[in-house]
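**Student:** Next comes start-v2.cif, mmCIF, C-alpha atoms, pLDDT in the B column; chains and numbers go by the auth columns:
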```cif
data_structure
loop_
_atom_site.group_PDB
_atom_site.id
_atom_site.type_symbol
_atom_site.label_atom_id
_atom_site.label_comp_id
_atom_site.label_asym_id
_atom_site.label_seq_id
_atom_site.Cartn_x
_atom_site.Cartn_y
_atom_site.Cartn_z
_atom_site.B_iso_or_equiv
_atom_site.auth_seq_id
_atom_site.auth_asym_id
ATOM 1 C CA MET A 1 -7.546 -8.103 -22.846 55.00 1 A
ATOM 2 C CA SER A 2 -4.659 -9.331 -25.028 59.00 2 A
ATOM 3 C CA ASP A 3 -4.618 -6.132 -27.090 84.00 3 A
ATOM 4 C CA LEU A 4 -3.924 -4.136 -23.925 90.00 4 A
ATOM 5 C CA VAL A 5 -1.320 -6.562 -22.556 91.00 5 A
ATOM 6 C CA GLY A 6 0.646 -6.323 -25.808 89.00 6 A
ATOM 7 C CA LYS A 7 1.013 -2.550 -25.626 90.00 7 A
ATOM 8 C CA THR A 8 3.697 -0.548 -23.844 89.00 8 A
ATOM 9 C CA CYS A 9 3.185 2.769 -22.112 87.00 9 A
ATOM 10 C CA GLU A 10 3.769 5.866 -24.165 85.00 10 A
ATOM 11 C CA ALA A 11 5.280 8.924 -22.506 82.00 11 A
ATOM 12 C CA CYS A 12 2.560 10.806 -20.648 82.00 12 A
ATOM 13 C CA ARG A 13 3.148 14.545 -20.520 84.00 13 A
ATOM 14 C CA ILE A 14 1.330 17.272 -18.644 85.00 14 A
ATOM 15 C CA GLY A 15 -1.609 18.281 -20.808 84.00 15 A
ATOM 16 C CA ALA A 16 -1.915 14.897 -22.581 86.00 16 A
ATOM 17 C CA PRO A 17 -5.553 13.985 -23.176 87.00 17 A
ATOM 18 C CA GLN A 18 -7.311 11.822 -20.628 92.00 18 A
ATOM 19 C CA ALA A 19 -8.939 8.645 -21.889 94.00 19 A
ATOM 20 C CA SER A 20 -12.339 9.515 -23.348 93.00 20 A
ATOM 21 C CA LYS A 21 -15.549 8.136 -21.836 93.00 21 A
ATOM 22 C CA GLN A 22 -15.859 5.847 -24.843 95.00 22 A
ATOM 23 C CA GLU A 23 -12.313 4.553 -24.365 94.00 23 A
ATOM 24 C CA VAL A 24 -12.857 4.070 -20.619 96.00 24 A
ATOM 25 C CA ASP A 25 -16.074 2.117 -21.246 95.00 25 A
ATOM 26 C CA SER A 26 -14.347 -0.046 -23.837 95.00 26 A
ATOM 27 C CA PHE A 27 -11.295 -0.757 -21.643 95.00 27 A
ATOM 28 C CA MET A 28 -13.379 -1.480 -18.537 96.00 28 A
ATOM 29 C CA LYS A 29 -15.310 -4.180 -20.405 95.00 29 A
ATOM 30 C CA LYS A 30 -11.975 -5.957 -20.856 94.00 30 A
ATOM 31 C CA LEU A 31 -10.926 -5.390 -17.239 97.00 31 A
ATOM 32 C CA SER A 32 -13.916 -6.936 -15.502 95.00 32 A
ATOM 33 C CA ASN A 33 -12.262 -7.202 -12.067 97.00 33 A
ATOM 34 C CA TRP A 34 -11.270 -3.546 -11.962 98.00 34 A
ATOM 35 C CA HIS A 35 -13.382 -0.719 -10.594 98.00 35 A
ATOM 36 C CA LEU A 36 -13.490 2.919 -11.547 97.00 36 A
ATOM 37 C CA ILE A 37 -13.124 5.147 -8.517 97.00 37 A
ATOM 38 C CA ASN A 38 -12.769 8.869 -7.947 97.00 38 A
ATOM 39 C CA SER A 39 -10.370 10.018 -5.247 96.00 39 A
ATOM 40 C CA ASP A 40 -10.252 13.745 -4.499 95.00 40 A
ATOM 41 C CA GLY A 41 -11.587 14.472 -7.990 96.00 41 A
ATOM 42 C CA ILE A 42 -9.107 12.166 -9.747 97.00 42 A
ATOM 43 C CA ASN A 43 -10.431 9.216 -11.758 97.00 43 A
ATOM 44 C CA GLN A 44 -8.535 6.014 -10.984 98.00 44 A
ATOM 45 C CA ILE A 45 -8.924 2.263 -11.511 98.00 45 A
ATOM 46 C CA MET A 46 -8.543 -0.155 -8.614 98.00 46 A
ATOM 47 C CA ARG A 47 -8.473 -3.891 -8.034 98.00 47 A
ATOM 48 C CA THR A 48 -7.835 -6.020 -4.936 98.00 48 A
ATOM 49 C CA PHE A 49 -6.003 -9.322 -5.484 98.00 49 A
ATOM 50 C CA ASP A 50 -6.358 -12.047 -2.835 98.00 50 A
ATOM 51 C CA PHE A 51 -3.590 -14.306 -1.516 98.00 51 A
ATOM 52 C CA PRO A 52 -3.385 -17.037 1.136 98.00 52 A
ATOM 53 C CA ASN A 53 -0.812 -15.222 3.278 98.00 53 A
ATOM 54 C CA PHE A 54 1.395 -12.153 3.648 98.00 54 A
ATOM 55 C CA VAL A 55 4.459 -13.536 1.876 98.00 55 A
ATOM 56 C CA ASP A 56 2.547 -14.284 -1.339 98.00 56 A
ATOM 57 C CA ALA A 57 0.941 -10.848 -1.210 98.00 57 A
ATOM 58 C CA LEU A 58 4.341 -9.159 -0.845 98.00 58 A
ATOM 59 C CA SER A 59 5.739 -11.272 -3.677 98.00 59 A
ATOM 60 C CA PHE A 60 2.965 -9.976 -5.956 98.00 60 A
ATOM 61 C CA THR A 61 3.737 -6.426 -4.829 98.00 61 A
ATOM 62 C CA ASN A 62 7.314 -6.951 -5.974 98.00 62 A
ATOM 63 C CA SER A 63 6.204 -8.351 -9.320 98.00 63 A
ATOM 64 C CA ILE A 64 4.021 -5.304 -9.874 98.00 64 A
ATOM 65 C CA GLY A 65 7.003 -3.177 -8.866 98.00 65 A
ATOM 66 C CA GLU A 66 9.092 -4.846 -11.566 98.00 66 A
ATOM 67 C CA ILE A 67 6.651 -4.145 -14.405 97.00 67 A
ATOM 68 C CA SER A 68 6.167 -0.607 -13.081 97.00 68 A
ATOM 69 C CA GLU A 69 9.865 0.125 -13.251 96.00 69 A
ATOM 70 C CA ALA A 70 10.101 -1.503 -16.685 95.00 70 A
ATOM 71 C CA GLU A 71 7.325 0.728 -18.052 93.00 71 A
ATOM 72 C CA GLY A 72 8.260 3.825 -16.092 94.00 72 A
ATOM 73 C CA HIS A 73 4.724 4.063 -14.717 96.00 73 A
ATOM 74 C CA HIS A 74 3.962 3.383 -11.052 97.00 74 A
ATOM 75 C CA PRO A 75 0.730 2.640 -9.191 98.00 75 A
ATOM 76 C CA ALA A 76 -0.223 2.865 -5.543 98.00 76 A
ATOM 77 C CA ILE A 77 0.257 -0.637 -4.094 98.00 77 A
ATOM 78 C CA LEU A 78 -1.428 -1.395 -0.775 98.00 78 A
ATOM 79 C CA THR A 79 0.030 -4.593 0.685 98.00 79 A
ATOM 80 C CA GLU A 80 -1.817 -6.269 3.564 98.00 80 A
ATOM 81 C CA TRP A 81 -1.989 -9.783 4.996 98.00 81 A
ATOM 82 C CA GLY A 82 -3.638 -11.838 2.249 98.00 82 A
ATOM 83 C CA LYS A 83 -4.376 -9.053 -0.208 98.00 83 A
ATOM 84 C CA VAL A 84 -2.868 -6.409 -2.452 98.00 84 A
ATOM 85 C CA THR A 85 -4.847 -3.459 -3.766 98.00 85 A
ATOM 86 C CA ILE A 86 -3.480 -1.807 -6.901 98.00 86 A
ATOM 87 C CA THR A 87 -4.593 1.648 -8.005 98.00 87 A
ATOM 88 C CA TRP A 88 -3.573 3.074 -11.369 98.00 88 A
ATOM 89 C CA TRP A 89 -3.867 6.650 -12.569 97.00 89 A
ATOM 90 C CA SER A 90 -1.624 9.165 -14.318 96.00 90 A
ATOM 91 C CA HIS A 91 -0.293 11.812 -11.975 93.00 91 A
ATOM 92 C CA LYS A 92 0.708 14.226 -14.739 91.00 92 A
ATOM 93 C CA ILE A 93 -2.817 14.521 -16.096 94.00 93 A
ATOM 94 C CA GLU A 94 -4.576 13.860 -12.768 94.00 94 A
ATOM 95 C CA GLY A 95 -6.729 11.193 -14.347 96.00 95 A
ATOM 96 C CA LEU A 96 -6.805 8.129 -16.540 97.00 96 A
ATOM 97 C CA HIS A 97 -4.559 7.685 -19.571 96.00 97 A
ATOM 98 C CA VAL A 98 -4.495 4.651 -21.847 94.00 98 A
ATOM 99 C CA ASN A 99 -1.267 3.725 -19.991 95.00 99 A
ATOM 100 C CA ASP A 100 -3.304 2.954 -16.881 97.00 100 A
ATOM 101 C CA PHE A 101 -5.490 0.421 -18.670 97.00 101 A
ATOM 102 C CA ILE A 102 -2.413 -1.174 -20.251 96.00 102 A
ATOM 103 C CA MET A 103 -0.865 -1.535 -16.786 97.00 103 A
ATOM 104 C CA ALA A 104 -4.103 -2.915 -15.305 98.00 104 A
ATOM 105 C CA ALA A 105 -4.114 -5.608 -17.992 97.00 105 A
ATOM 106 C CA LYS A 106 -0.436 -6.352 -17.303 97.00 106 A
ATOM 107 C CA SER A 107 -1.232 -6.565 -13.570 98.00 107 A
ATOM 108 C CA ASP A 108 -3.879 -9.205 -14.285 97.00 108 A
ATOM 109 C CA GLN A 109 -1.334 -11.067 -16.394 97.00 109 A
ATOM 110 C CA VAL A 110 1.198 -11.000 -13.519 97.00 110 A
ATOM 111 C CA PHE A 111 -1.512 -12.405 -11.247 98.00 111 A
ATOM 112 C CA GLY A 112 -1.813 -15.295 -13.678 94.00 112 A
ATOM 113 C CA GLU A 113 -4.949 -14.351 -15.542 84.00 113 A
ATOM 114 C CA MET B 1 12.158 4.844 21.700 55.00 1 B
ATOM 115 C CA SER B 2 14.792 2.229 22.579 59.00 2 B
ATOM 116 C CA ASP B 3 12.583 0.567 25.181 84.00 3 B
ATOM 117 C CA LEU B 4 9.981 -0.115 22.473 90.00 4 B
ATOM 118 C CA VAL B 5 12.502 -1.283 19.870 91.00 5 B
ATOM 119 C CA GLY B 6 13.874 -3.852 22.296 89.00 6 B
ATOM 120 C CA LYS B 7 10.502 -5.524 22.866 90.00 7 B
ATOM 121 C CA THR B 8 8.926 -8.311 20.828 89.00 8 B
ATOM 122 C CA CYS B 9 5.244 -8.687 20.089 87.00 9 B
ATOM 123 C CA GLU B 10 3.232 -10.776 22.497 86.00 10 B
ATOM 124 C CA ALA B 11 0.393 -12.897 21.133 82.00 11 B
ATOM 125 C CA CYS B 12 -2.673 -10.721 20.670 82.00 12 B
ATOM 126 C CA ARG B 13 -5.942 -12.581 21.186 84.00 13 B
ATOM 127 C CA ILE B 14 -9.520 -11.506 20.592 86.00 14 B
ATOM 128 C CA GLY B 15 -10.604 -9.680 23.720 84.00 15 B
ATOM 129 C CA ALA B 16 -7.098 -8.584 24.716 86.00 16 B
ATOM 130 C CA PRO B 17 -7.127 -5.081 26.209 87.00 17 B
ATOM 131 C CA GLN B 18 -6.464 -2.140 23.912 92.00 18 B
ATOM 132 C CA ALA B 19 -3.664 0.218 24.905 94.00 19 B
ATOM 133 C CA SER B 20 -4.999 2.676 27.490 93.00 20 B
ATOM 134 C CA LYS B 21 -5.146 6.399 26.766 93.00 21 B
ATOM 135 C CA GLN B 22 -2.235 6.873 29.158 95.00 22 B
ATOM 136 C CA GLU B 23 -0.197 4.216 27.337 94.00 23 B
ATOM 137 C CA VAL B 24 -1.068 5.700 23.936 96.00 24 B
ATOM 138 C CA ASP B 25 -0.035 9.192 25.089 95.00 25 B
ATOM 139 C CA SER B 26 3.222 7.842 26.483 95.00 26 B
ATOM 140 C CA PHE B 27 4.075 5.822 23.359 95.00 27 B
ATOM 141 C CA MET B 28 3.182 8.635 20.961 96.00 28 B
ATOM 142 C CA LYS B 29 5.639 10.966 22.708 96.00 29 B
ATOM 143 C CA LYS B 30 8.348 8.499 21.734 94.00 30 B
ATOM 144 C CA LEU B 31 7.022 8.136 18.166 97.00 31 B
ATOM 145 C CA SER B 32 7.031 11.770 17.134 95.00 32 B
ATOM 146 C CA ASN B 33 6.679 11.124 13.388 97.00 33 B
ATOM 147 C CA TRP B 34 3.617 8.899 13.768 98.00 34 B
ATOM 148 C CA HIS B 35 0.031 10.083 13.764 98.00 35 B
ATOM 149 C CA LEU B 36 -3.001 8.650 15.483 97.00 36 B
ATOM 150 C CA ILE B 37 -5.843 8.161 13.035 97.00 37 B
ATOM 151 C CA ASN B 38 -9.281 6.609 13.213 97.00 38 B
ATOM 152 C CA SER B 39 -10.458 4.605 10.226 96.00 39 B
ATOM 153 C CA ASP B 40 -14.015 3.291 10.317 95.00 40 B
ATOM 154 C CA GLY B 41 -13.999 3.476 14.108 96.00 41 B
ATOM 155 C CA ILE B 42 -10.637 1.692 14.479 97.00 42 B
ATOM 156 C CA ASN B 43 -7.729 3.535 16.094 97.00 43 B
ATOM 157 C CA GLN B 44 -4.528 3.151 14.105 98.00 44 B
ATOM 158 C CA ILE B 45 -1.082 4.756 13.906 98.00 45 B
ATOM 159 C CA MET B 46 0.322 5.921 10.576 98.00 46 B
ATOM 160 C CA ARG B 47 3.545 7.347 9.218 98.00 47 B
ATOM 161 C CA THR B 48 4.693 8.219 5.694 98.00 48 B
ATOM 162 C CA PHE B 49 8.378 7.635 4.918 98.00 49 B
ATOM 163 C CA ASP B 50 9.925 9.526 1.976 98.00 50 B
ATOM 164 C CA PHE B 51 12.376 8.131 -0.587 98.00 51 B
ATOM 165 C CA PRO B 52 14.103 9.533 -3.686 98.00 52 B
ATOM 166 C CA ASN B 53 12.541 7.000 -6.079 98.00 53 B
ATOM 167 C CA PHE B 54 10.283 3.958 -6.434 98.00 54 B
ATOM 168 C CA VAL B 55 12.975 1.289 -6.031 98.00 55 B
ATOM 169 C CA ASP B 56 14.099 2.596 -2.637 98.00 56 B
ATOM 170 C CA ALA B 57 10.464 2.837 -1.507 98.00 57 B
ATOM 171 C CA LEU B 58 9.822 -0.781 -2.529 98.00 58 B
ATOM 172 C CA SER B 59 13.011 -1.899 -0.805 98.00 59 B
ATOM 173 C CA PHE B 60 11.735 -0.357 2.444 98.00 60 B
ATOM 174 C CA THR B 61 8.392 -2.094 1.932 98.00 61 B
ATOM 175 C CA ASN B 62 10.264 -5.401 1.779 98.00 62 B
ATOM 176 C CA SER B 63 12.248 -4.609 4.919 98.00 63 B
ATOM 177 C CA ILE B 64 9.023 -3.852 6.771 98.00 64 B
ATOM 178 C CA GLY B 65 7.647 -7.113 5.370 98.00 65 B
ATOM 179 C CA GLU B 66 10.591 -8.990 6.875 98.00 66 B
ATOM 180 C CA ILE B 67 10.137 -7.642 10.399 97.00 67 B
ATOM 181 C CA SER B 68 6.376 -8.184 10.102 97.00 68 B
ATOM 182 C CA GLU B 69 6.842 -11.849 9.273 96.00 69 B
ATOM 183 C CA ALA B 70 9.438 -12.226 12.034 95.00 70 B
ATOM 184 C CA GLU B 71 7.034 -10.821 14.631 93.00 71 B
ATOM 185 C CA GLY B 72 3.887 -12.357 13.192 94.00 72 B
ATOM 186 C CA HIS B 73 2.240 -8.935 13.069 96.00 73 B
ATOM 187 C CA HIS B 74 1.507 -7.216 9.757 97.00 74 B
ATOM 188 C CA PRO B 75 0.662 -3.615 8.859 98.00 75 B
ATOM 189 C CA ALA B 76 -0.942 -2.053 5.833 98.00 76 B
ATOM 190 C CA ILE B 77 1.910 -0.894 3.573 98.00 77 B
ATOM 191 C CA LEU B 78 1.086 1.632 0.863 98.00 78 B
ATOM 192 C CA THR B 79 3.957 1.795 -1.635 98.00 79 B
ATOM 193 C CA GLU B 80 4.038 4.697 -4.102 98.00 80 B
ATOM 194 C CA TRP B 81 6.743 6.451 -6.123 98.00 81 B
ATOM 195 C CA GLY B 82 8.966 8.101 -3.516 98.00 82 B
ATOM 196 C CA LYS B 83 6.994 7.216 -0.418 98.00 83 B
ATOM 197 C CA VAL B 84 5.737 4.396 1.769 98.00 84 B
ATOM 198 C CA THR B 85 2.893 4.828 4.234 98.00 85 B
ATOM 199 C CA ILE B 86 2.771 2.301 7.077 98.00 86 B
ATOM 200 C CA THR B 87 -0.351 1.825 9.199 98.00 87 B
ATOM 201 C CA TRP B 88 -0.292 -0.348 12.294 98.00 88 B
ATOM 202 C CA TRP B 89 -3.264 -1.640 14.276 97.00 89 B
ATOM 203 C CA SER B 90 -4.356 -4.963 15.752 96.00 90 B
ATOM 204 C CA HIS B 91 -7.085 -6.638 13.740 93.00 91 B
ATOM 205 C CA LYS B 92 -8.124 -9.018 16.525 91.00 92 B
ATOM 206 C CA ILE B 93 -8.989 -6.220 18.942 94.00 93 B
ATOM 207 C CA GLU B 94 -9.928 -3.675 16.258 94.00 94 B
ATOM 208 C CA GLY B 95 -7.661 -1.096 17.777 96.00 95 B
ATOM 209 C CA LEU B 96 -4.225 -0.371 19.182 97.00 96 B
ATOM 210 C CA HIS B 97 -2.236 -2.915 21.196 96.00 97 B
ATOM 211 C CA VAL B 98 1.230 -2.354 22.631 94.00 98 B
ATOM 212 C CA ASN B 99 2.441 -4.535 19.721 95.00 99 B
ATOM 213 C CA ASP B 100 1.585 -1.734 17.292 97.00 100 B
ATOM 214 C CA PHE B 101 3.791 0.776 19.070 97.00 101 B
ATOM 215 C CA ILE B 102 6.608 -1.775 19.245 96.00 102 B
ATOM 216 C CA MET B 103 6.322 -2.294 15.491 97.00 103 B
ATOM 217 C CA ALA B 104 6.169 1.454 14.798 98.00 104 B
ATOM 218 C CA ALA B 105 9.438 1.871 16.728 97.00 105 B
ATOM 219 C CA LYS B 106 10.963 -1.044 14.803 97.00 106 B
ATOM 220 C CA SER B 107 9.772 0.553 11.532 98.00 107 B
ATOM 221 C CA ASP B 108 11.615 3.756 12.450 97.00 108 B
ATOM 222 C CA GLN B 109 14.699 1.679 13.212 97.00 109 B
ATOM 223 C CA VAL B 110 14.480 -0.023 9.787 97.00 110 B
ATOM 224 C CA PHE B 111 14.265 3.444 8.214 98.00 111 B
ATOM 225 C CA GLY B 112 17.542 4.233 9.928 94.00 112 B
ATOM 226 C CA GLU B 113 16.367 6.359 12.823 84.00 113 B
#
```
So, in terms of structure tokens, how does the structure I just supplied come out?

**Tutor:**
Amino acid sequence: MSDLVGKTCEACRIGAPQASKQEVDSFMKKLSNWHLINSDGINQIMRTFDFPNFVDALSFTNSIGEISEAEGHHPAILTEWGKVTITWWSHKIEGLHVNDFIMAAKSDQVFGE
Amino acid sequence: MSDLVGKTCEACRIGAPQASKQEVDSFMKKLSNWHLINSDGINQIMRTFDFPNFVDALSFTNSIGEISEAEGHHPAILTEWGKVTITWWSHKIEGLHVNDFIMAAKSDQVFGE
């Protein structure tokens, strides 16, 4: 995963290429706790992180918010009592860009992995 | 809405009665921006709040977190760039309790309404 964590997001423009199937397969092997999903035709990656209470969950949400602002790339963050579900995808290309896998790896790092 | 905002959540135990249809209808008239939804057989109330950026959305998420902790009743909070979607329901009764309408009114108050 370290090669993903070390990268920063590149600007993602409308029309930029989506990650290829080969790239997705390669990245997903490194992100073993993440799942590929398809929501309304848009490929996304999702992971739920568990916490012992609401306050710790919300704290993680804020940490993810910080790295999102720093990289200029924002996920959907579902905060509930004892869990946070993060979903990454690239709005401009309505699918998965390498940025999303970089941010998934950074999310794991924030969680302490 | 003021009569709901002024209330505090009562303890909700397993087996407590769900809000009656008459109560739900009455509360929803006061919560005009909220929608009744049913997710996997569980009645819930949901509203999306709009913001000009991610930071303001996350700030609102934290404010909702504060009132949730204060009342001991927690929603699902979906934070995205420019919007926060709040969903209230009572896990213990798998449906809607008066607490949820109280918290929806308090959420509107936090938003500045």

**Student:** For CA of Glu10 (chain A) and CA of Glu71 (chain A), determine how far apart the two atoms are, in Å to one decimal place.

**Tutor:** 8.7 Å

**Student:** With all atoms listed in the file counted and 8 Å as the cut-off, give the residues of chain B in contact with chain A, each with its shortest interatomic distance in Å and the pair that gives it, as a tab-separated table.

**Tutor:**
```
residue	atom	partner	partner_atom	distance
B:Phe54	CA	A:Glu69	CA	7.8
B:Val55	CA	A:Glu69	CA	7.9
B:Leu58	CA	A:Gly65	CA	7.3
B:Asn62	CA	A:Leu58	CA	7.5
B:Gly65	CA	A:Leu58	CA	7.3
B:Glu69	CA	A:Phe54	CA	7.8
B:His74	CA	A:Trp81	CA	6.4
B:Pro75	CA	A:Glu80	CA	6.4
B:Ala76	CA	A:Glu80	CA	4.9
B:Ile77	CA	A:Thr79	CA	5.1
B:Leu78	CA	A:Leu78	CA	4.3
B:Thr79	CA	A:Ile77	CA	5.1
B:Glu80	CA	A:Ala76	CA	4.9
B:Trp81	CA	A:His74	CA	6.4
```

**Student:** Output C-alpha atoms of each residue in that selection to a file, as a compact mmCIF listing (two decimals), in the coordinates of the input.

**Tutor:**
```txt
# COMPACT_ATOMS: atom_id res chain seq x y z
CA PHE B 54 10.28 3.96 -6.43
CA VAL B 55 12.98 1.29 -6.03
CA LEU B 58 9.82 -0.78 -2.53
CA ASN B 62 10.26 -5.40 1.78
CA GLY B 65 7.65 -7.11 5.37
CA GLU B 69 6.84 -11.85 9.27
CA HIS B 74 1.51 -7.22 9.76
CA PRO B 75 0.66 -3.62 8.86
CA ALA B 76 -0.94 -2.05 5.83
CA ILE B 77 1.91 -0.89 3.57
CA LEU B 78 1.09 1.63 0.86
CA THR B 79 3.96 1.80 -1.64
CA GLU B 80 4.04 4.70 -4.10
CA TRP B 81 6.74 6.45 -6.12
```

**Student:** Name every residue that the PyMOL selection byres ((chain B and resi 29-31) around 9) selects in this structure, writing the answer as a PDB file with C-alpha atoms, in the frame of the given file with chains first and numbers rising.

**Tutor:**
```pdb
ATOM      1  CA  MET B   1      12.158   4.844  21.700  1.00 55.00           C
ATOM      2  CA  LEU B   4       9.981  -0.115  22.473  1.00 90.00           C
ATOM      3  CA  VAL B  24      -1.068   5.700  23.936  1.00 96.00           C
ATOM      4  CA  ASP B  25      -0.035   9.192  25.089  1.00 95.00           C
ATOM      5  CA  SER B  26       3.222   7.842  26.483  1.00 95.00           C
ATOM      6  CA  PHE B  27       4.075   5.822  23.359  1.00 95.00           C
ATOM      7  CA  MET B  28       3.182   8.635  20.961  1.00 96.00           C
ATOM      8  CA  SER B  32       7.031  11.770  17.134  1.00 95.00           C
ATOM      9  CA  ASN B  33       6.679  11.124  13.388  1.00 97.00           C
ATOM     10  CA  TRP B  34       3.617   8.899  13.768  1.00 98.00           C
ATOM     11  CA  HIS B  35       0.031  10.083  13.764  1.00 98.00           C
ATOM     12  CA  PHE B 101       3.791   0.776  19.070  1.00 97.00           C
ATOM     13  CA  ALA B 104       6.169   1.454  14.798  1.00 98.00           C
ATOM     14  CA  ALA B 105       9.438   1.871  16.728  1.00 97.00           C
ATOM     15  CA  ASP B 108      11.615   3.756  12.450  1.00 97.00           C
TER      16      ASP B 108
END
```

**Student:** Any chance you could work out the residue set of the PyMOL selection byres ((chain A and resi 100) around 9) here, as a list in words?

**Tutor:** Cys9, Gln44, Ile45, His73, Pro75, Trp88, Trp89, Ser90, Leu96, His97, Val98, Asn99, Phe101, Ile102, Met103, Ala104 and Ala105 of chain A

**Student:** Enclose region 96-101 of chain B, meaning all of its atoms listed in the file, in a box aligned along x, y and z, pad it by 6 Å on each side, and list the centre and edge lengths in Å to one decimal, as JSON.

**Tutor:**
```
{"center_x": -0.2, "center_y": -1.9, "center_z": 20.0, "size_x": 20.0, "size_y": 17.3, "size_z": 17.3}
```

**Student:** Given the point (-7.8, 16.9, -7.7) in the coordinates of this file, which residues lie within 9 Å, counting all atoms listed in the file, and how would they look as a list in words?

**Tutor:**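 Those residues lying close to the given coordinates are Ser39, Asp40, Gly41, Ile42, Glu94 and Gly95 of chain A.
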
**Student:** Using only C-alpha atoms for the distances, tell me which of B:Thr48, B:Lys92, B:Phe60, B:Glu113 is nearest to Pro17 (chain B).

**Tutor:**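 The shortest atom-to-atom distance to Pro17 (chain B) comes from B:Lys92.
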
**Student:** Could you please determine the separation between CA of Ala57 (chain A) and CA of Gly82 (chain A) in Å, to one decimal place?

**Tutor:**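 Between CA of Ala57 (chain A) and CA of Gly82 (chain A) the gap is 5.8 Å.
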
**Student:** Mind dumping region 25-30 of chain A from that block, keeping all heavy atoms, as a JSON list (two decimals), in the first residue's frame?

**Tutor:**
```json
[["chain", "number", "residue", "atom", "x", "y", "z"],
["A", 25, "ASP", "N", -7.74, -3.84, -10.53],
["A", 25, "ASP", "CA", -7.40, -5.14, -9.93],
["A", 25, "ASP", "C", -6.13, -5.03, -9.09],
["A", 25, "ASP", "O", -6.05, -5.57, -7.99],
["A", 25, "ASP", "CB", -7.21, -6.20, -11.02],
["A", 25, "ASP", "CG", -8.52, -6.60, -11.68],
["A", 25, "ASP", "OD1", -9.58, -6.23, -11.14],
["A", 25, "ASP", "OD2", -8.48, -7.26, -12.74],
["A", 26, "SER", "N", -5.14, -4.33, -9.63],
["A", 26, "SER", "CA", -3.87, -4.18, -8.93],
["A", 26, "SER", "C", -4.04, -3.38, -7.64],
["A", 26, "SER", "O", -3.54, -3.76, -6.58],
["A", 26, "SER", "CB", -2.87, -3.49, -9.86],
["A", 26, "SER", "OG", -1.71, -3.13, -9.16],
["A", 27, "PHE", "N", -4.78, -2.26, -7.72],
["A", 27, "PHE", "CA", -4.98, -1.42, -6.53],
["A", 27, "PHE", "C", -5.80, -2.17, -5.47],
["A", 27, "PHE", "O", -5.51, -2.07, -4.27],
["A", 27, "PHE", "CB", -5.72, -0.13, -6.91],
["A", 27, "PHE", "CG", -4.93, 0.84, -7.73],
["A", 27, "PHE", "CD1", -5.52, 1.57, -8.75],
["A", 27, "PHE", "CD2", -3.57, 1.05, -7.47],
["A", 27, "PHE", "CE1", -4.79, 2.47, -9.50],
["A", 27, "PHE", "CE2", -2.82, 1.95, -8.22],
["A", 27, "PHE", "CZ", -3.44, 2.66, -9.24],
["A", 28, "MET", "N", -6.82, -2.89, -5.90],
["A", 28, "MET", "CA", -7.71, -3.55, -4.94],
["A", 28, "MET", "C", -6.98, -4.65, -4.16],
["A", 28, "MET", "O", -7.36, -4.96, -3.03],
["A", 28, "MET", "CB", -8.96, -4.10, -5.63],
["A", 28, "MET", "CG", -9.91, -3.03, -6.14],
["A", 28, "MET", "SD", -10.44, -1.82, -4.86],
["A", 28, "MET", "CE", -11.62, -2.83, -3.94],
["A", 29, "LYS", "N", -5.95, -5.22, -4.76],
["A", 29, "LYS", "CA", -5.16, -6.23, -4.03],
["A", 29, "LYS", "C", -4.44, -5.58, -2.85],
["A", 29, "LYS", "O", -4.17, -6.23, -1.84],
["A", 29, "LYS", "CB", -4.13, -6.86, -4.98],
["A", 29, "LYS", "CG", -4.74, -7.91, -5.89],
["A", 29, "LYS", "CD", -3.67, -8.58, -6.74],
["A", 29, "LYS", "CE", -4.33, -9.52, -7.76],
["A", 29, "LYS", "NZ", -3.44, -9.82, -8.88],
["A", 30, "LYS", "N", -4.13, -4.29, -3.01],
["A", 30, "LYS", "CA", -3.42, -3.57, -1.94],
["A", 30, "LYS", "C", -4.39, -2.97, -0.92],
["A", 30, "LYS", "O", -3.97, -2.53, 0.14],
["A", 30, "LYS", "CB", -2.58, -2.44, -2.55],
["A", 30, "LYS", "CG", -1.51, -2.92, -3.50],
["A", 30, "LYS", "CD", -0.86, -1.76, -4.23],
["A", 30, "LYS", "CE", 0.17, -2.27, -5.23],
["A", 30, "LYS", "NZ", 0.62, -1.23, -6.15]]
```
